[in-house]
Amino acid sequence: MKPPTRPSTTSSTPAKGAALAEVWPLSPLQQGMLFHSSYDDEGPDVYGLQCVLGVDGPLDTELFRACWEALIERHAVLRASFQRRRSGEAVQLISRSVVLPWRDVDLSDLDDDEALARFEWLAREEREERMNPASPPLLRLVLARLGEGRHRLVVTTHHILLDGWSMPVLLDELEAVYTAGGDIRVLPPVTSYRDYLSWLGRQDREAARAAWREELAGTDEPTLVAPQAAGGAEVSVLPRDLVLDLPEETTTRLRELARGRNLTLNTVVQGAWALVLSRLTGRNDVVFGATVSGRPADLPGAESMVGLMINTLPVRVPLAGAQPVLDMLADLQARQSSLMPHQHLGLSEVQGLAGPGATFDTLVVYENYPTPPDGAPAPGAISFTRMDAHEATNFPLTVGVVPDHSLRIVMTHRPDLFDEEAAARVAGWLIRVLEQIAAEPTLRVADIDLLDGPERSVVVDEWNATARDGAPATVLERFRGWAVGTPDTAALWFSDRPLSYGELDARSDAWARGLTARGVGRESRVGLCLPRGAEMVVAMLAVWKAGGAYVPLDPEYPSDRLLFMVADSGAELVLVVEETVERLSADVETVLVGELGTDSGELPDVTSDQLAYVIYTSGSTGRPKGVAVEHASVANLASAMGPVL
């Protein structure tokens with residue numbers, strides 16, 4: 001399907017070589033955005049912002065445009081571009097004047113459906129056109145006339161310029177200036193964004209660093225829902241939004257609960273997301289990002305300032321199953337409140353202080369922007385209705401929360417990482433958590449259930465329907481069946497030499513008797529510091545036949561790592577060959593596999609509930625972590641992967 005024919009427009013483009021007025025530093029968040037922003041036209045812009053507004057009432061379009069131009073003159077930050085000096089320092093360059101990119105589009109001669117379709121195409125076209133941070137102004141406007149007294153305005157900008165709080169401030173000023181016939185003097189003196197940058201420079205950075213170190217102490221691993229995207233690859237697609245509304249009754253109960261416990265609704269949402277994130281990542285100490293307003297109470301005029309004052313910072317939520325959810329929420333709010341004086345520190349610096357544990361790939365954005373007063377506009381005035389908003393993100397999942405009569409959840413997801421079905425499932429979990437908190441505030445953390453009826457049936461019934469008639473209880477039973485039924489068939493090949501099932505059975509029996517003679521019994525841990533080859537397979541079977549559990553010890557690992565794994569697993573002895581015996585210290589009992597063979601001794605029965613092996617993860621922090629697996633799990637895997645004898 002071809003896009004609609006582009007309507008005729010009048011437009012203007014930014015002036016080249018505008019005179020420079022001032023040079024400003026960058027805030028920490030602006031520095032991060034500039035670092036990740038591209039100056040070319042390839043791929044989507046992850047920091048693009050777009051707001052679509054309905055403009056109600058008779059509109060003088062020339063006056064309306066002039067009011068926007070007056071606001072750009074009033075707020076120096078709206079004339080900013082972003083550059084790097086030869087030294088590498090990033091700065092904002094404030095031009096004395098810029099030409100506002102503006103388009104008028106008349107769609108009033110079309111029927112409603114066609115007009116709306118063409119308008120949506122226009123908005124999407126604006127959204128997909130990148131902005132160059134080095135070319136001011138980073139703001140474009142499209143005004144579409146749909147009919148008498150019916151207009152829509154598309155405001156497209158770059159996030160490095162403005163935050164969400166700034167847009168209502170601008171619209172309030174725009175309405176006041178328009179009502180005054182374009183007279184900018186009706187507005188109070190402007191508070192410059194540079195005042196905020198100066199305030200940043202006066203803050204106690206050492207105190208902030210100490211506070212963040214303390215808050216994130218003990219977090220040793222990233223909290224990632226999409227580890228495959230952690231390599232920093234460029235975002236190739238624009239994110240998509242999935243919108244769900246919490247029932248009004250549930251929203252009311254949550255507000256009453258929060259008010260009664262001196263909690264904010266933002267805290268409740270963050271705690272609920274922590275519970276979802278815990279299940280997504282399998283962690284009981286999670287970290288995610290949150291956007292803070294960054295408008296300090298001790299900075300006069302901060303609430304009416306236009307610019308980028310928000311910051312994105314880590315939120316850490318330790319979770320204990322026996323802890324009441326309300327206690328978890330109270331603890332979360334207390335810690336976040338104590339960090340408020342230190343929210344000026346940049347995310348990259350916080351993560352540098354805390355290490356990998358401060359790394360996250362999900363974000364919670366709670367929109368607590370100022371709202372316009374209720375009531376009809378004055379005669380001759382205009383009013384704005386927010387129709388739509390789009391905010392690009394490089395996070396796999398961003399949870400936007402819009403507080404209203406019904407709490408709105410906007411799950412922004414990267415479709416290359418989470419398709420719409422997956423995003424809807426995660427959003428549904430979040431809503432179920434919020435509903436449970438509203439219905440039963442006394443629940444413990446472990447009592448929260450994310451799954452709905454069909455999802456629970458899949459997990460509890462379908463995934464546990466593993467019984468199979470005649471399936472062996474252990475892999476040893478399966479192996480013995482092959483050894484009896486096809487003793488001459490090759491069980492494995494190594495260096496072009498086959499080892500039959502009969503030979504493998506006999507050799508592993510002999511080694512198993514040698515192990516039992518050395519005291520190996522039920523669930524004894526036996527380390528295997530062996531190179532890959534036939535000896536490794538024989539040793540694994542021998543340990544199982546002796547009733548023990550093997551612990552793989554890669555001879556390529558450093559000796560201190562191997563010694564840690566031996567001690568941590570409780571391995572009673574370690575099987576080695578000549579070339580690996582020196583990998584371990586003298587106080588570790590080692591046995592050469594060539595010395596194990598014996599023809600005497602009884603071998604024990606092995607049951608499905610016995611431990612089969614202990615295997616260690618790589619350990620992202622450098623400290624390996626052991627995982628114990630029983631024979632039943634190994635047998636289930638074997639049954640799922642192949643036919644049953």
# chains A, B, ... in the order shown; residues from 1 in each chain; ligands from 1

call {"tool": "closest_atom_pairs", "arguments": {"of": "range 136-254 of chain A", "to": "range 283-298 of chain A", "cutoff": "10 Å", "atoms": "only C-alpha atoms", "output": "CSV"}}
result
residue,atom,partner,partner_atom,distance
A:Asp163,CA,A:Ser293,CA,8.6
A:Gly164,CA,A:Ser293,CA,9.0
A:Trp165,CA,A:Ser293,CA,7.8
A:Tyr196,CA,A:Arg295,CA,8.4
A:Trp199,CA,A:Pro296,CA,9.1
A:Leu200,CA,A:Pro296,CA,9.9
A:Leu216,CA,A:Val287,CA,9.1
A:Gly218,CA,A:Asp285,CA,9.6
A:Thr219,CA,A:Asp285,CA,7.6
A:Asp220,CA,A:Asp285,CA,9.8
A:Glu221,CA,A:Val286,CA,9.3
A:Pro222,CA,A:Val287,CA,7.7
A:Thr223,CA,A:Val287,CA,5.8
A:Leu224,CA,A:Phe288,CA,8.8

call {"tool": "residues_around", "arguments": {"residues": "His158 in chain A", "least_positions_apart": "6", "cutoff": "8 Å", "atoms": "only C-alpha atoms", "output": "number ranges by chain"}}
result
A: 47-49, 131, 133, 138-139

call {"tool": "residues_around", "arguments": {"residues": "Glu148 in chain A", "least_positions_apart": "2", "cutoff": "9 Å", "atoms": "only C-alpha atoms", "output": "PyMOL selection string"}}
result
chain A and resi 57-59+108+145-146+150-151

call {"tool": "residues_around", "arguments": {"residues": "Leu143 in chain A", "least_positions_apart": "4", "cutoff": "8 Å", "atoms": "only C-alpha atoms", "output": "PyMOL selection string"}}
result
chain A and resi 102-105+151-154

call {"tool": "atom_distance", "arguments": {"atom1": "CA of Tyr613 in chain A", "atom2": "CA of Val629 in chain A"}}
result
5.6 Å

call {"tool": "closest_atom_pairs", "arguments": {"of": "range 236-355 of chain A", "to": "range 426-440 of chain A", "cutoff": "6 Å", "atoms": "only C-alpha atoms", "output": "Markdown table"}}
result
| residue | atom | partner | partner_atom | distance |
| --- | --- | --- | --- | --- |
| A:Arg253 | CA | A:Ala438 | CA | 5.7 |
| A:Leu254 | CA | A:Ala438 | CA | 5.2 |
| A:Ala272 | CA | A:Val433 | CA | 5.9 |

call {"tool": "write_last_selection", "arguments": {"atoms": "C-alpha atoms", "output": "short mmCIF file (atom, residue, chain, number, x, y, z; two decimals), in the first residue's frame"}}
result
data_model
loop_
_atom_site.label_atom_id
_atom_site.label_comp_id
_atom_site.auth_asym_id
_atom_site.auth_seq_id
_atom_site.Cartn_x
_atom_site.Cartn_y
_atom_site.Cartn_z
CA ARG A 253 -7.96 1.23 45.90
CA LEU A 254 -4.26 1.61 45.14
CA ALA A 272 5.19 -4.08 41.47
#

call {"tool": "select_by_dssp", "arguments": {"residues": "range 271-392 of chain A", "states": "strand (DSSP E or B)", "output": "ChimeraX atom specification"}}
result
/A:285-292,311-318,324,360,362-366,383-391

call {"tool": "residues_around", "arguments": {"residues": "Leu592 in chain A", "least_positions_apart": "3", "cutoff": "8 Å", "atoms": "only C-alpha atoms", "output": "list of chain:residue names"}}
result
A:Leu575, A:Val576, A:Val577, A:Glu578, A:Val581, A:Glu595, A:Leu596

call {"tool": "select_by_dssp", "arguments": {"residues": "range 49-165 of chain A", "states": "helix (DSSP H, G or I)", "output": "NGL selection string"}}
result
:A and (61-74 or 76-79 or 112-128)

call {"tool": "write_last_selection", "arguments": {"atoms": "C-alpha atoms", "output": "tab-separated table (two decimals), in the first residue's frame"}}
result
chain	number	residue	atom	x	y	z
A	61	THR	CA	-2.63	30.50	12.53
A	62	GLU	CA	-0.29	33.45	11.88
A	63	LEU	CA	-0.66	34.62	15.48
A	64	PHE	CA	-0.24	31.03	16.70
A	65	ARG	CA	3.03	30.69	14.79
A	66	ALA	CA	4.23	34.07	16.03
A	67	CYS	CA	3.58	32.95	19.62
A	68	TRP	CA	5.77	29.88	19.11
A	69	GLU	CA	8.51	32.07	17.68
A	70	ALA	CA	8.23	34.36	20.72
A	71	LEU	CA	8.68	31.37	23.03
A	72	ILE	CA	11.81	30.31	21.18
A	73	GLU	CA	13.12	33.83	21.65
A	74	ARG	CA	12.17	33.70	25.37
A	76	ALA	CA	17.46	30.26	25.09
A	77	VAL	CA	17.58	26.49	25.49
A	78	LEU	CA	15.20	26.13	22.53
A	79	ARG	CA	17.91	27.66	20.33
A	112	ASP	CA	-12.84	12.72	8.40
A	113	ASP	CA	-11.38	9.25	7.82
A	114	GLU	CA	-9.12	10.35	4.96
A	115	ALA	CA	-8.05	13.49	6.81
A	116	LEU	CA	-7.09	11.50	9.89
A	117	ALA	CA	-5.23	8.93	7.79
A	118	ARG	CA	-3.21	11.63	6.06
A	119	PHE	CA	-2.54	13.38	9.34
A	120	GLU	CA	-1.26	10.18	10.93
A	121	TRP	CA	1.00	9.65	7.94
A	122	LEU	CA	2.35	13.19	8.36
A	123	ALA	CA	3.02	12.62	12.06
A	124	ARG	CA	4.78	9.33	11.34
A	125	GLU	CA	6.87	11.02	8.64
A	126	GLU	CA	7.94	13.68	11.13
A	127	ARG	CA	8.76	11.04	13.72
A	128	GLU	CA	10.94	9.07	11.34

call {"tool": "closest_residue", "arguments": {"among": "A:Leu584, A:Ala539, A:Ile310, A:Ala517", "to": "Glu602 in chain A", "atoms": "only C-alpha atoms"}}
result
A:Ala517

call {"tool": "residues_around", "arguments": {"residues": "range 385-402 of chain A", "least_positions_apart": "5", "cutoff": "7 Å", "atoms": "only C-alpha atoms", "output": "PyMOL selection string"}}
result
chain A and resi 46-55+226+235+238-239+361-367+407-414+417

call {"tool": "write_last_selection", "arguments": {"atoms": "C-alpha atoms", "output": "short mmCIF file (atom, residue, chain, number, x, y, z; two decimals), in the first residue's frame"}}
result
data_model
loop_
_atom_site.label_atom_id
_atom_site.label_comp_id
_atom_site.auth_asym_id
_atom_site.auth_seq_id
_atom_site.Cartn_x
_atom_site.Cartn_y
_atom_site.Cartn_z
CA VAL A 46 16.41 6.66 19.99
CA TYR A 47 16.04 10.11 21.54
CA GLY A 48 13.26 11.42 19.32
CA LEU A 49 10.15 12.84 21.03
CA GLN A 50 6.78 13.62 19.52
CA CYS A 51 3.62 15.03 21.06
CA VAL A 52 0.35 15.25 19.12
CA LEU A 53 -2.13 17.81 20.42
CA GLY A 54 -5.67 18.71 19.57
CA VAL A 55 -6.11 22.51 19.35
CA ALA A 226 17.47 -9.22 27.16
CA VAL A 235 18.97 0.02 17.67
CA LEU A 238 11.75 2.15 16.42
CA PRO A 239 10.05 0.88 19.59
CA ASP A 361 17.90 -2.78 30.69
CA THR A 362 14.39 -1.87 31.82
CA LEU A 363 13.08 1.57 32.72
CA VAL A 364 10.09 2.89 34.69
CA VAL A 365 8.82 6.37 33.79
CA TYR A 366 6.10 7.81 36.04
CA GLU A 367 4.55 10.89 34.46
CA LEU A 407 -3.81 4.14 35.86
CA ARG A 408 -2.50 3.78 32.32
CA ILE A 409 0.39 1.41 31.62
CA VAL A 410 2.32 2.06 28.40
CA MET A 411 4.65 -0.85 27.70
CA THR A 412 7.18 0.47 25.19
CA HIS A 413 9.05 -2.45 23.69
CA ARG A 414 11.71 -2.99 21.08
CA LEU A 417 13.69 -8.15 21.34
#

call {"tool": "atom_distance", "arguments": {"atom1": "CA of Leu329 in chain A", "atom2": "CA of Asn311 in chain A"}}
result
22.0 Å

call {"tool": "residues_around", "arguments": {"residues": "Ala546 in chain A", "least_positions_apart": "2", "cutoff": "9 Å", "atoms": "only C-alpha atoms", "output": "list in words"}}
result
Asp509, Trp511, Ala512, Arg513, Gly514, Leu515, Thr516, Val520, Gly521, Arg522, Ser524, Leu541, Ala542, Val543, Trp544, Gly548, Ala549, Leu603, Pro604, Asp605 and Val606 of chain A

call {"tool": "closest_residue", "arguments": {"among": "A:Lys545, A:Ala217, A:Val225, A:Phe418", "to": "Pro356 in chain A", "atoms": "only C-alpha atoms"}}
result
A:Ala217

call {"tool": "decode", "arguments": {"residues": "range 552-637 of chain A", "atoms": "C-alpha atoms", "output": "mmCIF file, in the first residue's frame"}}
result
data_model
loop_
_atom_site.group_PDB
_atom_site.id
_atom_site.type_symbol
_atom_site.label_atom_id
_atom_site.label_comp_id
_atom_site.auth_asym_id
_atom_site.auth_seq_id
_atom_site.Cartn_x
_atom_site.Cartn_y
_atom_site.Cartn_z
ATOM 1 C CA PRO A 552 33.486 -31.065 35.926
ATOM 2 C CA LEU A 553 36.812 -29.213 36.383
ATOM 3 C CA ASP A 554 38.082 -27.753 33.114
ATOM 4 C CA PRO A 555 41.889 -28.150 33.087
ATOM 5 C CA GLU A 556 42.108 -24.848 31.158
ATOM 6 C CA TYR A 557 40.809 -22.928 34.195
ATOM 7 C CA PRO A 558 43.273 -21.165 36.518
ATOM 8 C CA SER A 559 44.361 -23.307 39.463
ATOM 9 C CA ASP A 560 42.809 -21.015 42.079
ATOM 10 C CA ARG A 561 39.453 -21.312 40.300
ATOM 11 C CA LEU A 562 39.719 -25.102 40.231
ATOM 12 C CA LEU A 563 40.638 -25.225 43.913
ATOM 13 C CA PHE A 564 37.654 -23.033 44.777
ATOM 14 C CA MET A 565 35.296 -25.364 42.897
ATOM 15 C CA VAL A 566 36.755 -28.439 44.608
ATOM 16 C CA ALA A 567 36.337 -26.887 48.054
ATOM 17 C CA ASP A 568 32.929 -25.348 47.373
ATOM 18 C CA SER A 569 31.447 -28.560 45.946
ATOM 19 C CA GLY A 570 32.880 -30.749 48.710
ATOM 20 C CA ALA A 571 34.618 -33.072 46.249
ATOM 21 C CA GLU A 572 36.239 -35.933 48.179
ATOM 22 C CA LEU A 573 38.711 -36.780 45.433
ATOM 23 C CA VAL A 574 39.544 -35.670 41.899
ATOM 24 C CA LEU A 575 40.176 -37.927 38.895
ATOM 25 C CA VAL A 576 43.120 -36.773 36.776
ATOM 26 C CA VAL A 577 45.480 -37.865 34.021
ATOM 27 C CA GLU A 578 49.238 -37.281 33.934
ATOM 28 C CA GLU A 579 48.961 -33.931 32.161
ATOM 29 C CA THR A 580 46.368 -32.512 34.585
ATOM 30 C CA VAL A 581 47.611 -33.745 37.943
ATOM 31 C CA GLU A 582 49.724 -30.604 38.416
ATOM 32 C CA ARG A 583 46.674 -28.340 38.033
ATOM 33 C CA LEU A 584 45.737 -28.988 41.684
ATOM 34 C CA SER A 585 47.599 -28.504 44.933
ATOM 35 C CA ALA A 586 49.072 -31.324 46.963
ATOM 36 C CA ASP A 587 46.378 -31.165 49.650
ATOM 37 C CA VAL A 588 43.693 -32.248 47.140
ATOM 38 C CA GLU A 589 43.310 -36.032 46.891
ATOM 39 C CA THR A 590 43.821 -36.993 43.258
ATOM 40 C CA VAL A 591 43.577 -40.379 41.544
ATOM 41 C CA LEU A 592 44.941 -41.221 38.110
ATOM 42 C CA VAL A 593 42.162 -42.813 36.071
ATOM 43 C CA GLY A 594 44.595 -45.461 34.894
ATOM 44 C CA GLU A 595 44.875 -46.734 38.476
ATOM 45 C CA LEU A 596 41.136 -47.249 39.002
ATOM 46 C CA GLY A 597 40.492 -50.602 37.327
ATOM 47 C CA THR A 598 39.369 -53.558 39.463
ATOM 48 C CA ASP A 599 37.172 -56.609 38.911
ATOM 49 C CA SER A 600 35.825 -56.981 42.436
ATOM 50 C CA GLY A 601 33.244 -55.205 44.512
ATOM 51 C CA GLU A 602 29.500 -54.646 44.376
ATOM 52 C CA LEU A 603 27.996 -51.549 42.771
ATOM 53 C CA PRO A 604 25.052 -49.821 44.481
ATOM 54 C CA ASP A 605 21.615 -49.140 43.057
ATOM 55 C CA VAL A 606 21.160 -45.570 41.852
ATOM 56 C CA THR A 607 17.771 -43.866 42.270
ATOM 57 C CA SER A 608 16.278 -40.907 40.454
ATOM 58 C CA ASP A 609 16.364 -38.638 43.528
ATOM 59 C CA GLN A 610 20.153 -38.906 43.890
ATOM 60 C CA LEU A 611 22.499 -36.111 42.928
ATOM 61 C CA ALA A 612 23.963 -36.609 39.432
ATOM 62 C CA TYR A 613 26.402 -33.732 39.054
ATOM 63 C CA VAL A 614 27.381 -30.277 40.291
ATOM 64 C CA ILE A 615 28.279 -27.860 37.525
ATOM 65 C CA TYR A 616 29.619 -24.331 37.915
ATOM 66 C CA THR A 617 28.591 -21.288 35.953
ATOM 67 C CA SER A 618 31.245 -18.986 34.574
ATOM 68 C CA GLY A 619 30.425 -16.428 37.280
ATOM 69 C CA SER A 620 30.038 -12.940 35.823
ATOM 70 C CA THR A 621 31.697 -11.473 38.915
ATOM 71 C CA GLY A 622 34.617 -13.880 38.784
ATOM 72 C CA ARG A 623 33.210 -16.123 41.537
ATOM 73 C CA PRO A 624 31.783 -19.385 40.121
ATOM 74 C CA LYS A 625 28.373 -20.558 41.309
ATOM 75 C CA GLY A 626 27.489 -24.237 41.574
ATOM 76 C CA VAL A 627 24.245 -25.792 40.351
ATOM 77 C CA ALA A 628 23.280 -29.255 41.666
ATOM 78 C CA VAL A 629 21.261 -31.535 39.345
ATOM 79 C CA GLU A 630 19.618 -34.810 40.301
ATOM 80 C CA HIS A 631 19.288 -37.953 38.159
ATOM 81 C CA ALA A 632 15.565 -37.419 37.545
ATOM 82 C CA SER A 633 16.285 -34.153 35.754
ATOM 83 C CA VAL A 634 18.936 -35.764 33.564
ATOM 84 C CA ALA A 635 16.564 -38.611 32.722
ATOM 85 C CA ASN A 636 13.774 -36.166 31.855
ATOM 86 C CA LEU A 637 16.104 -34.347 29.493
#
